[in-house]
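S.K.: For reference, this is entry_31.csv, and it has CSV, C-alpha atoms.
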```csv
chain,number,residue,atom,x,y,z
A,1,VAL,CA,107.6,128.2,135.0
A,2,TRP,CA,111.0,126.8,134.2
A,3,ARG,CA,110.3,123.1,134.8
A,4,ALA,CA,113.8,122.3,135.8
A,5,ASP,CA,113.1,124.4,138.9
A,6,LEU,CA,110.6,121.8,140.0
A,7,TYR,CA,113.3,119.2,140.2
A,8,LYS,CA,114.4,120.5,143.6
A,9,GLU,CA,111.0,119.8,145.1
A,10,GLY,CA,111.4,116.1,144.4
A,11,ALA,CA,107.8,116.0,143.2
A,12,MET,CA,108.7,114.6,139.7
A,13,THR,CA,109.7,111.1,138.7
A,14,ASP,CA,112.8,110.7,136.6
A,15,GLU,CA,110.7,110.3,133.4
A,16,GLU,CA,108.8,113.5,134.2
A,17,GLU,CA,112.1,115.3,134.7
A,18,ILE,CA,113.3,114.1,131.3
A,19,ARG,CA,110.0,115.1,129.6
A,20,GLY,CA,110.1,118.4,131.4
A,21,LEU,CA,113.6,119.1,130.2
A,22,LEU,CA,112.5,118.6,126.6
A,23,GLN,CA,109.5,120.9,127.2
A,24,ASP,CA,111.9,123.5,128.4
A,25,TRP,CA,113.9,123.1,125.2
A,26,PHE,CA,110.8,123.5,123.0
A,27,ALA,CA,109.9,126.7,124.9
A,28,SER,CA,113.5,128.0,124.6
A,29,SER,CA,113.4,127.4,120.8
A,30,ARG,CA,110.1,129.3,120.5
A,31,SER,CA,111.6,132.3,122.5
A,32,LYS,CA,115.0,131.9,120.7
A,33,ASP,CA,116.7,131.6,124.1
A,34,LEU,CA,120.1,130.1,123.3
A,35,ASP,CA,121.2,130.0,126.9
A,36,GLY,CA,118.0,128.1,127.7
A,37,LEU,CA,118.7,125.6,125.0
A,38,MET,CA,122.2,125.0,126.6
A,39,ARG,CA,120.8,124.1,130.0
A,40,GLY,CA,120.9,120.4,130.4
A,41,ILE,CA,123.7,119.9,127.8
A,42,ALA,CA,126.7,118.0,129.2
A,43,PRO,CA,130.1,119.6,128.7
A,44,GLU,CA,131.5,116.5,126.9
A,45,ILE,CA,128.4,115.8,124.7
A,46,THR,CA,128.9,113.9,121.4
A,47,SER,CA,126.2,115.1,119.0
A,48,TYR,CA,125.3,113.7,115.6
A,49,GLU,CA,123.5,116.7,114.1
A,50,HIS,CA,121.3,117.0,111.0
A,51,ASP,CA,124.1,118.9,109.3
A,52,ALA,CA,127.7,117.8,108.5
A,53,PRO,CA,130.3,117.1,109.8
A,54,LEU,CA,129.8,113.6,111.2
A,55,GLN,CA,129.9,114.7,114.8
A,56,TYR,CA,130.1,117.7,117.1
A,57,VAL,CA,132.0,117.1,120.4
A,58,GLY,CA,131.5,119.4,123.3
A,59,ARG,CA,128.9,121.9,124.5
A,60,ASP,CA,130.5,124.9,122.6
A,61,ALA,CA,130.2,123.1,119.3
A,62,VAL,CA,126.6,122.2,119.9
A,63,ARG,CA,125.9,125.8,121.0
A,64,GLU,CA,127.0,127.0,117.5
A,65,VAL,CA,124.7,124.5,115.8
A,66,CYS,CA,121.8,125.7,118.0
A,67,ARG,CA,122.6,129.3,117.3
A,68,ALA,CA,122.6,128.7,113.5
A,69,GLY,CA,119.3,126.8,113.8
A,70,LEU,CA,117.6,129.7,115.6
A,71,ASP,CA,119.1,132.2,113.1
A,72,ALA,CA,117.9,130.2,110.1
A,73,SER,CA,114.2,131.0,110.7
A,74,ASP,CA,112.0,133.8,111.7
A,75,GLU,CA,109.8,131.5,113.9
A,76,VAL,CA,110.6,128.1,115.0
A,77,ASP,CA,108.8,125.6,117.1
A,78,TRP,CA,109.3,121.8,117.6
A,79,ASP,CA,108.1,119.0,119.7
A,80,ILE,CA,108.2,115.2,119.8
A,81,PRO,CA,104.6,114.0,119.7
A,82,ASP,CA,105.4,110.3,120.3
A,83,LEU,CA,108.4,110.2,122.7
A,84,GLU,CA,109.7,107.0,124.2
A,85,VAL,CA,111.5,107.4,127.5
A,86,ILE,CA,113.4,104.6,129.4
A,87,VAL,CA,115.2,105.3,132.7
A,88,ARG,CA,117.6,103.0,134.5
A,89,GLY,CA,119.4,104.5,137.4
A,90,ASP,CA,121.4,107.6,136.4
A,91,ILE,CA,120.9,107.0,132.6
A,92,ALA,CA,117.9,107.9,130.5
A,93,VAL,CA,117.2,107.1,126.9
A,94,THR,CA,114.7,108.8,124.6
A,95,TRP,CA,113.7,108.4,121.0
A,96,GLY,CA,111.0,109.8,118.8
A,97,LEU,CA,110.3,111.8,115.6
A,98,ASN,CA,111.0,115.5,115.9
A,99,ARG,CA,108.3,117.8,114.4
A,100,MET,CA,109.8,121.2,113.5
A,101,ARG,CA,107.5,124.0,112.4
A,102,GLY,CA,107.9,127.7,111.7
A,103,LYS,CA,108.5,130.4,109.3
A,104,ALA,CA,111.7,130.6,107.2
A,105,SER,CA,113.5,133.9,106.8
A,106,ASP,CA,111.7,134.4,103.5
A,107,GLY,CA,108.3,134.2,105.3
A,108,ARG,CA,107.3,130.8,104.0
A,109,SER,CA,105.9,128.3,106.5
A,110,PHE,CA,107.5,125.0,106.9
A,111,GLU,CA,107.0,121.7,108.6
A,112,LEU,CA,109.9,119.2,108.8
A,113,TRP,CA,110.1,115.8,110.5
A,114,SER,CA,113.3,114.2,111.5
A,115,ARG,CA,114.5,111.3,113.8
A,116,GLY,CA,115.9,111.9,117.2
A,117,THR,CA,117.6,109.7,119.8
A,118,ARG,CA,119.0,111.3,123.0
A,119,ILE,CA,120.9,109.9,126.0
A,120,PHE,CA,121.0,111.7,129.4
A,121,GLN,CA,122.9,111.2,132.6
A,122,LYS,CA,121.8,112.5,136.0
A,123,ARG,CA,124.5,114.3,137.9
A,124,ASP,CA,124.1,116.1,141.2
A,125,GLY,CA,120.4,115.7,140.9
A,126,ARG,CA,120.1,117.2,137.4
A,127,TRP,CA,119.8,115.5,134.0
A,128,ALA,CA,122.3,116.4,131.3
A,129,MET,CA,122.3,115.2,127.7
A,130,ILE,CA,125.5,113.3,127.0
A,131,HIS,CA,124.6,112.1,123.4
A,132,GLN,CA,122.3,113.2,120.7
A,133,HIS,CA,121.5,111.9,117.3
A,134,VAL,CA,119.2,113.7,114.9
A,135,SER,CA,118.9,113.0,111.2
A,136,PHE,CA,116.9,112.8,108.0
A,137,PRO,CA,116.9,109.6,106.1
A,138,TYR,CA,118.2,109.7,102.5
A,139,ASP,CA,117.4,108.4,99.1
A,140,PRO,CA,120.4,106.4,97.8
A,141,ALA,CA,119.3,106.8,94.2
A,142,SER,CA,119.3,110.6,94.2
A,143,GLY,CA,121.7,111.1,97.1
A,144,LEU,CA,119.2,113.6,98.6
A,145,ALA,CA,118.3,113.9,102.2
A,146,GLN,CA,114.6,113.3,102.6
A,147,THR,CA,113.3,116.4,104.4
A,148,GLU,CA,109.8,116.3,103.1
A,149,LEU,CA,108.6,113.1,104.9
A,150,SER,CA,106.0,112.9,107.6
A,151,PRO,CA,105.0,109.8,109.6
B,152,VAL,CA,133.0,80.9,117.6
B,153,TRP,CA,129.6,82.6,117.8
B,154,ARG,CA,130.3,84.9,120.7
B,155,ALA,CA,126.7,84.8,121.8
B,156,ASP,CA,127.2,81.2,122.8
B,157,LEU,CA,129.7,82.4,125.4
B,158,TYR,CA,127.0,84.3,127.3
B,159,LYS,CA,125.8,81.0,128.8
B,160,GLU,CA,129.1,80.5,130.6
B,161,GLY,CA,128.7,83.8,132.5
B,162,ALA,CA,132.3,84.6,131.8
B,163,MET,CA,131.5,87.9,130.1
B,164,THR,CA,130.5,91.2,131.6
B,165,ASP,CA,127.4,93.0,130.1
B,166,GLU,CA,129.7,95.3,128.2
B,167,GLU,CA,131.6,92.4,126.8
B,168,GLU,CA,128.3,90.8,125.7
B,169,ILE,CA,127.2,93.9,123.9
B,170,ARG,CA,130.6,94.3,122.1
B,171,GLY,CA,130.4,90.6,121.3
B,172,LEU,CA,127.0,90.9,119.8
B,173,LEU,CA,128.3,93.7,117.5
B,174,GLN,CA,131.3,91.6,116.5
B,175,ASP,CA,128.8,88.8,115.6
B,176,TRP,CA,126.9,91.2,113.4
B,177,PHE,CA,130.2,92.4,111.7
B,178,ALA,CA,131.0,88.7,111.0
B,179,SER,CA,127.5,88.0,109.7
B,180,SER,CA,127.8,90.9,107.3
B,181,ARG,CA,131.1,89.6,105.9
B,182,SER,CA,129.6,86.2,105.4
B,183,LYS,CA,126.2,87.7,104.1
B,184,ASP,CA,124.4,85.7,106.8
B,185,LEU,CA,121.0,87.4,107.0
B,186,ASP,CA,119.7,85.1,109.8
B,187,GLY,CA,122.9,85.9,111.8
B,188,LEU,CA,122.2,89.6,111.4
B,189,MET,CA,118.7,89.1,112.8
B,190,ARG,CA,120.0,87.4,116.0
B,191,GLY,CA,119.7,90.0,118.7
B,192,ILE,CA,117.0,92.1,117.1
B,193,ALA,CA,114.0,92.6,119.3
B,194,PRO,CA,110.6,91.8,117.6
B,195,GLU,CA,109.3,95.3,118.3
B,196,ILE,CA,112.4,97.3,117.3
B,197,THR,CA,112.0,100.8,116.0
B,198,SER,CA,114.9,101.5,113.6
B,199,TYR,CA,115.8,104.8,112.0
B,200,GLU,CA,117.8,103.6,109.0
B,201,HIS,CA,120.1,105.4,106.5
B,202,ASP,CA,117.3,105.1,103.9
B,203,ALA,CA,113.8,106.5,103.9
B,204,PRO,CA,111.2,106.2,105.2
B,205,LEU,CA,111.5,107.9,108.6
B,206,GLN,CA,111.3,104.7,110.6
B,207,TYR,CA,111.1,100.9,110.3
B,208,VAL,CA,109.0,99.2,113.0
B,209,GLY,CA,109.4,95.5,113.7
B,210,ARG,CA,112.0,92.8,113.0
B,211,ASP,CA,110.5,91.9,109.6
B,212,ALA,CA,110.9,95.5,108.3
B,213,VAL,CA,114.5,95.6,109.5
B,214,ARG,CA,115.2,92.2,107.9
B,215,GLU,CA,114.3,93.6,104.5
B,216,VAL,CA,116.6,96.6,105.0
B,217,CYS,CA,119.4,94.2,105.9
B,218,ARG,CA,118.7,92.0,103.0
B,219,ALA,CA,118.8,95.0,100.6
B,220,GLY,CA,122.1,96.1,102.2
B,221,LEU,CA,123.7,92.7,101.7
B,222,ASP,CA,122.4,92.5,98.1
B,223,ALA,CA,123.7,96.0,97.2
B,224,SER,CA,127.4,95.0,97.3
B,225,ASP,CA,129.6,92.2,96.3
B,226,GLU,CA,131.7,92.4,99.5
B,227,VAL,CA,130.7,94.3,102.6
B,228,ASP,CA,132.4,94.7,106.0
B,229,TRP,CA,131.8,97.1,108.8
B,230,ASP,CA,132.9,97.9,112.3
B,231,ILE,CA,132.8,100.7,114.8
B,232,PRO,CA,136.4,101.6,115.7
B,233,ASP,CA,135.5,103.9,118.6
B,234,LEU,CA,132.4,102.4,120.3
B,235,GLU,CA,131.0,103.9,123.5
B,236,VAL,CA,129.0,101.4,125.7
B,237,ILE,CA,127.0,102.3,128.8
B,238,VAL,CA,125.1,99.6,130.7
B,239,ARG,CA,122.6,100.1,133.5
B,240,GLY,CA,120.7,97.1,134.6
B,241,ASP,CA,118.8,95.5,131.7
B,242,ILE,CA,119.4,98.5,129.4
B,243,ALA,CA,122.5,99.2,127.3
B,244,VAL,CA,123.3,102.2,125.2
B,245,THR,CA,126.0,102.4,122.4
B,246,TRP,CA,127.1,105.0,120.0
B,247,GLY,CA,130.0,105.5,117.6
B,248,LEU,CA,130.8,106.0,113.9
B,249,ASN,CA,130.1,103.1,111.6
B,250,ARG,CA,132.9,102.4,109.1
B,251,MET,CA,131.5,100.4,106.1
B,252,ARG,CA,133.9,99.0,103.5
B,253,GLY,CA,133.6,96.7,100.6
B,254,LYS,CA,133.2,96.3,96.9
B,255,ALA,CA,130.1,97.5,95.1
B,256,SER,CA,128.3,95.4,92.5
B,257,ASP,CA,130.3,97.2,89.8
B,258,GLY,CA,133.5,96.1,91.4
B,259,ARG,CA,134.6,99.5,92.8
B,260,SER,CA,135.9,99.6,96.3
B,261,PHE,CA,134.1,101.9,98.7
B,262,GLU,CA,134.5,103.2,102.3
B,263,LEU,CA,131.6,105.0,103.9
B,264,TRP,CA,131.3,106.4,107.4
B,265,SER,CA,128.0,107.0,109.1
B,266,ARG,CA,126.7,107.6,112.6
B,267,GLY,CA,125.2,104.9,114.8
B,268,THR,CA,123.3,104.9,118.1
B,269,ARG,CA,121.8,101.6,119.4
B,270,ILE,CA,119.8,100.7,122.5
B,271,PHE,CA,119.6,97.1,123.8
B,272,GLN,CA,117.5,95.4,126.5
B,273,LYS,CA,118.5,92.1,128.2
B,274,ARG,CA,115.7,89.5,128.2
B,275,ASP,CA,116.0,86.0,129.6
B,276,GLY,CA,119.8,86.5,129.7
B,277,ARG,CA,120.2,87.7,126.1
B,278,TRP,CA,120.6,91.2,124.8
B,279,ALA,CA,118.2,92.3,122.1
B,280,MET,CA,118.4,95.6,120.2
B,281,ILE,CA,115.2,97.6,120.8
B,282,HIS,CA,116.1,100.8,119.0
B,283,GLN,CA,118.6,101.7,116.3
B,284,HIS,CA,119.5,105.0,114.6
B,285,VAL,CA,122.0,105.2,111.7
B,286,SER,CA,122.4,108.2,109.4
B,287,PHE,CA,124.5,110.4,107.3
B,288,PRO,CA,124.5,114.1,108.0
B,289,TYR,CA,123.4,116.4,105.2
B,290,ASP,CA,124.3,119.7,103.5
B,291,PRO,CA,121.3,122.0,103.8
B,292,ALA,CA,122.6,124.1,100.8
B,293,SER,CA,122.6,121.2,98.3
B,294,GLY,CA,120.2,119.0,100.1
B,295,LEU,CA,122.6,116.1,99.6
B,296,ALA,CA,123.3,113.5,102.2
B,297,GLN,CA,127.1,113.6,103.0
B,298,THR,CA,128.3,110.0,102.3
B,299,GLU,CA,131.9,111.0,101.6
B,300,LEU,CA,132.9,112.1,105.1
B,301,SER,CA,135.4,110.5,107.4
B,302,PRO,CA,136.3,111.4,110.9
```
Let's see the structure in the file written out as structure tokens.

M.R.:
Amino acid sequence: VWRADLYKEGAMTDEEEIRGLLQDWFASSRSKDLDGLMRGIAPEITSYEHDAPLQYVGRDAVREVCRAGLDASDEVDWDIPDLEVIVRGDIAVTWGLNRMRGKASDGRSFELWSRGTRIFQKRDGRWAMIHQHVSFPYDPASGLAQTELSP
Amino acid sequence: VWRADLYKEGAMTDEEEIRGLLQDWFASSRSKDLDGLMRGIAPEITSYEHDAPLQYVGRDAVREVCRAGLDASDEVDWDIPDLEVIVRGDIAVTWGLNRMRGKASDGRSFELWSRGTRIFQKRDGRWAMIHQHVSFPYDPASGLAQTELSP
């Protein structure tokens, strides 16, 4: 069941709708459904992604990042075990650590943790992500992004 | 003038109060006023900082990060030239690129750009930051955080 379809029934709270949208994205990643990942992305989104450059503006730019992410691994799955959600009117805020697991193109299994902060706006009864910030922290001494950390 | 003191007069909108709080932090950084930087930080803040680990929880942990930041350079100044602010009720959301400039301990001038997303809650008439996310993007090929980028 595509959880977004439940929105119409009015049976979900705003927080449940936001959590449902993220569940939809986790499922779309597992099935490598790029169009599914793009549902709920606002046209004018400003996204601070794991990879350079500093920012990606607009849904088309974010689509290319997502496409590259799906292409980079044989299997990919992610979730946010401890997700904070705050809703006020038509704006929702979430943050939590992203747990990304899967198999790389060379067959090796991986588990990566990063940080994620996401802002949504409700428009015509549907939530759309207007801002995203995902990142790894770094070690100033080595200059290396720290992709091997876990909470 | 400490802008936060203007809040009492009720002459500022919520958005002006948020922008004023950030201006206060910029000024506190210039004057290396650690206590000033801590004004407007919620006790239970979860902060995703530039540096590892993945997250810092609580004002005391954030204070140590700020202290290290002030100690790391002879002169430091920062601002957010293009700051987005959204307020709904007692919650405010901001994002924008942080421009950090100054002189390192070895006397060299630097200018660094990073990404920043910040969430505030108004409590007893004062805004407090409850979540912060600042980061550099990275280059997956080299593993290096990209600290030399500008918009």

S.K.: List as CSV every residue of chain B that is in contact with chain A, defined as an atom at most 6 Å from one of its atoms (using all atoms listed in the file), together with the nearest atom pair and the distance in Å rounded to one decimal, sorted by chain and then rising number.

M.R.:
```
residue,atom,partner,partner_atom,distance
B:His201,CA,A:Pro137,CA,5.3
B:Asp202,CA,A:Tyr138,CA,4.9
B:Ala203,CA,A:Pro137,CA,4.9
B:Arg239,CA,A:Arg88,CA,5.9
B:Pro288,CA,A:Ala52,CA,4.9
B:Tyr289,CA,A:Asp51,CA,4.9
B:Asp290,CA,A:Asp51,CA,5.9
B:Gly294,CA,A:Leu144,CA,5.7
B:Leu295,CA,A:Leu144,CA,4.3
B:Ala296,CA,A:Ala145,CA,5.0
```

S.K.: Within 9 Å of Met280 (chain B), counting all atoms listed in the file, which residues qualify if same-chain residues fewer than 5 places away don't, as a list in words?

M.R.: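 The neighbour list is Gly191, Ile192, Ala193, Ile196, Ala243, Arg269, Ile270, Phe271, Gln272 and Lys273 of chain B.
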
S.K.: Report as a VMD selection string all protein, DNA and RNA residues lying within 6 Å of Arg250 (chain B), evaluated on only C-alpha atoms, omitting residues in the same chain fewer than 2 positions from it.

M.R.: chain B and resid 229 to 231 263 to 264

S.K.: For CA of Met100 (chain A) and CA of Leu21 (chain A), quote the distance in Å rounded to one decimal.

M.R.: 17.3 Å

S.K.: In Å, with one decimal, what is the gap from CA of Arg252 (chain B) to CA of Pro232 (chain B)?

M.R.: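 Between these atoms lies a distance of 12.7 Å.
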
S.K.: Compare A:Val62, A:Ala104, A:Ile130, A:Met38 by their minimum atom-to-atom distance to Glu235 (chain B), counting all atoms listed in the file, and give me the closest one.

M.R.: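 The closest residue to Glu235 (chain B) is A:Ile130.
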
S.K.: Figure out the distance between CA of Arg274 (chain B) and CA of Glu167 (chain B), please, to one decimal in Å.

M.R.: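 If I compute the distance from CA of Glu167 (chain B) to CA of Arg274 (chain B), I get 16.2 Å.
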
S.K.: Where atoms are missing, can you supply N, CA, C and O atoms for region 186-204 of chain B and output the lot as a short mmCIF file (atom, residue, chain, number, x, y, z; two decimals), in the frame of the given file?

M.R.:
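That gives us rebuild.cif:
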```cif
data_model
loop_
_atom_site.label_atom_id
_atom_site.label_comp_id
_atom_site.auth_asym_id
_atom_site.auth_seq_id
_atom_site.Cartn_x
_atom_site.Cartn_y
_atom_site.Cartn_z
N ASP B 186 120.29 85.61 108.52
CA ASP B 186 119.70 85.10 109.80
C ASP B 186 120.64 85.48 110.96
O ASP B 186 120.16 85.80 112.04
N GLY B 187 121.95 85.46 110.73
CA GLY B 187 122.90 85.90 111.80
C GLY B 187 122.67 87.33 112.17
O GLY B 187 122.69 87.68 113.35
N LEU B 188 122.44 88.18 111.14
CA LEU B 188 122.20 89.60 111.40
C LEU B 188 120.94 89.81 112.24
O LEU B 188 120.83 90.78 113.00
N MET B 189 119.97 88.90 112.09
CA MET B 189 118.70 89.10 112.80
C MET B 189 118.76 88.59 114.23
O MET B 189 117.87 88.88 115.03
N ARG B 190 119.82 87.83 114.57
CA ARG B 190 120.00 87.40 116.00
C ARG B 190 120.24 88.66 116.82
O ARG B 190 121.10 89.46 116.50
N GLY B 191 119.51 88.80 117.89
CA GLY B 191 119.70 90.00 118.70
C GLY B 191 118.92 91.17 118.33
O GLY B 191 119.18 92.27 118.80
N ILE B 192 117.93 90.98 117.43
CA ILE B 192 117.00 92.10 117.10
C ILE B 192 115.68 91.82 117.76
O ILE B 192 115.07 90.77 117.56
N ALA B 193 115.22 92.78 118.57
CA ALA B 193 114.00 92.60 119.30
C ALA B 193 112.78 92.66 118.30
O ALA B 193 112.82 93.43 117.33
N PRO B 194 111.74 91.87 118.56
CA PRO B 194 110.60 91.80 117.60
C PRO B 194 109.96 93.21 117.41
O PRO B 194 109.51 93.51 116.31
N GLU B 195 109.96 94.05 118.43
CA GLU B 195 109.30 95.30 118.30
C GLU B 195 110.20 96.50 118.02
O GLU B 195 109.82 97.67 118.18
N ILE B 196 111.42 96.22 117.54
CA ILE B 196 112.40 97.30 117.30
C ILE B 196 111.85 98.45 116.49
O ILE B 196 111.06 98.25 115.56
N THR B 197 112.24 99.66 116.87
CA THR B 197 112.00 100.80 116.00
C THR B 197 113.39 101.27 115.52
O THR B 197 114.27 101.61 116.32
N SER B 198 113.56 101.21 114.21
CA SER B 198 114.90 101.50 113.60
C SER B 198 114.78 102.70 112.68
O SER B 198 113.92 102.75 111.81
N TYR B 199 115.66 103.69 112.93
CA TYR B 199 115.80 104.80 112.00
C TYR B 199 117.02 104.47 111.14
O TYR B 199 118.15 104.51 111.59
N GLU B 200 116.75 104.11 109.89
CA GLU B 200 117.80 103.60 109.00
C GLU B 200 118.38 104.71 108.12
O GLU B 200 117.86 105.81 108.07
N HIS B 201 119.49 104.39 107.42
CA HIS B 201 120.10 105.40 106.50
C HIS B 201 119.04 105.81 105.46
O HIS B 201 118.98 106.98 105.11
N ASP B 202 118.28 104.85 104.97
CA ASP B 202 117.30 105.10 103.90
C ASP B 202 115.96 105.47 104.40
O ASP B 202 115.57 105.05 105.49
N ALA B 203 115.21 106.25 103.59
CA ALA B 203 113.80 106.50 103.90
C ALA B 203 113.05 105.18 103.88
O ALA B 203 113.51 104.21 103.28
N PRO B 204 111.88 105.13 104.56
CA PRO B 204 111.20 106.20 105.20
C PRO B 204 111.77 106.61 106.58
O PRO B 204 112.87 106.16 106.91
#
```
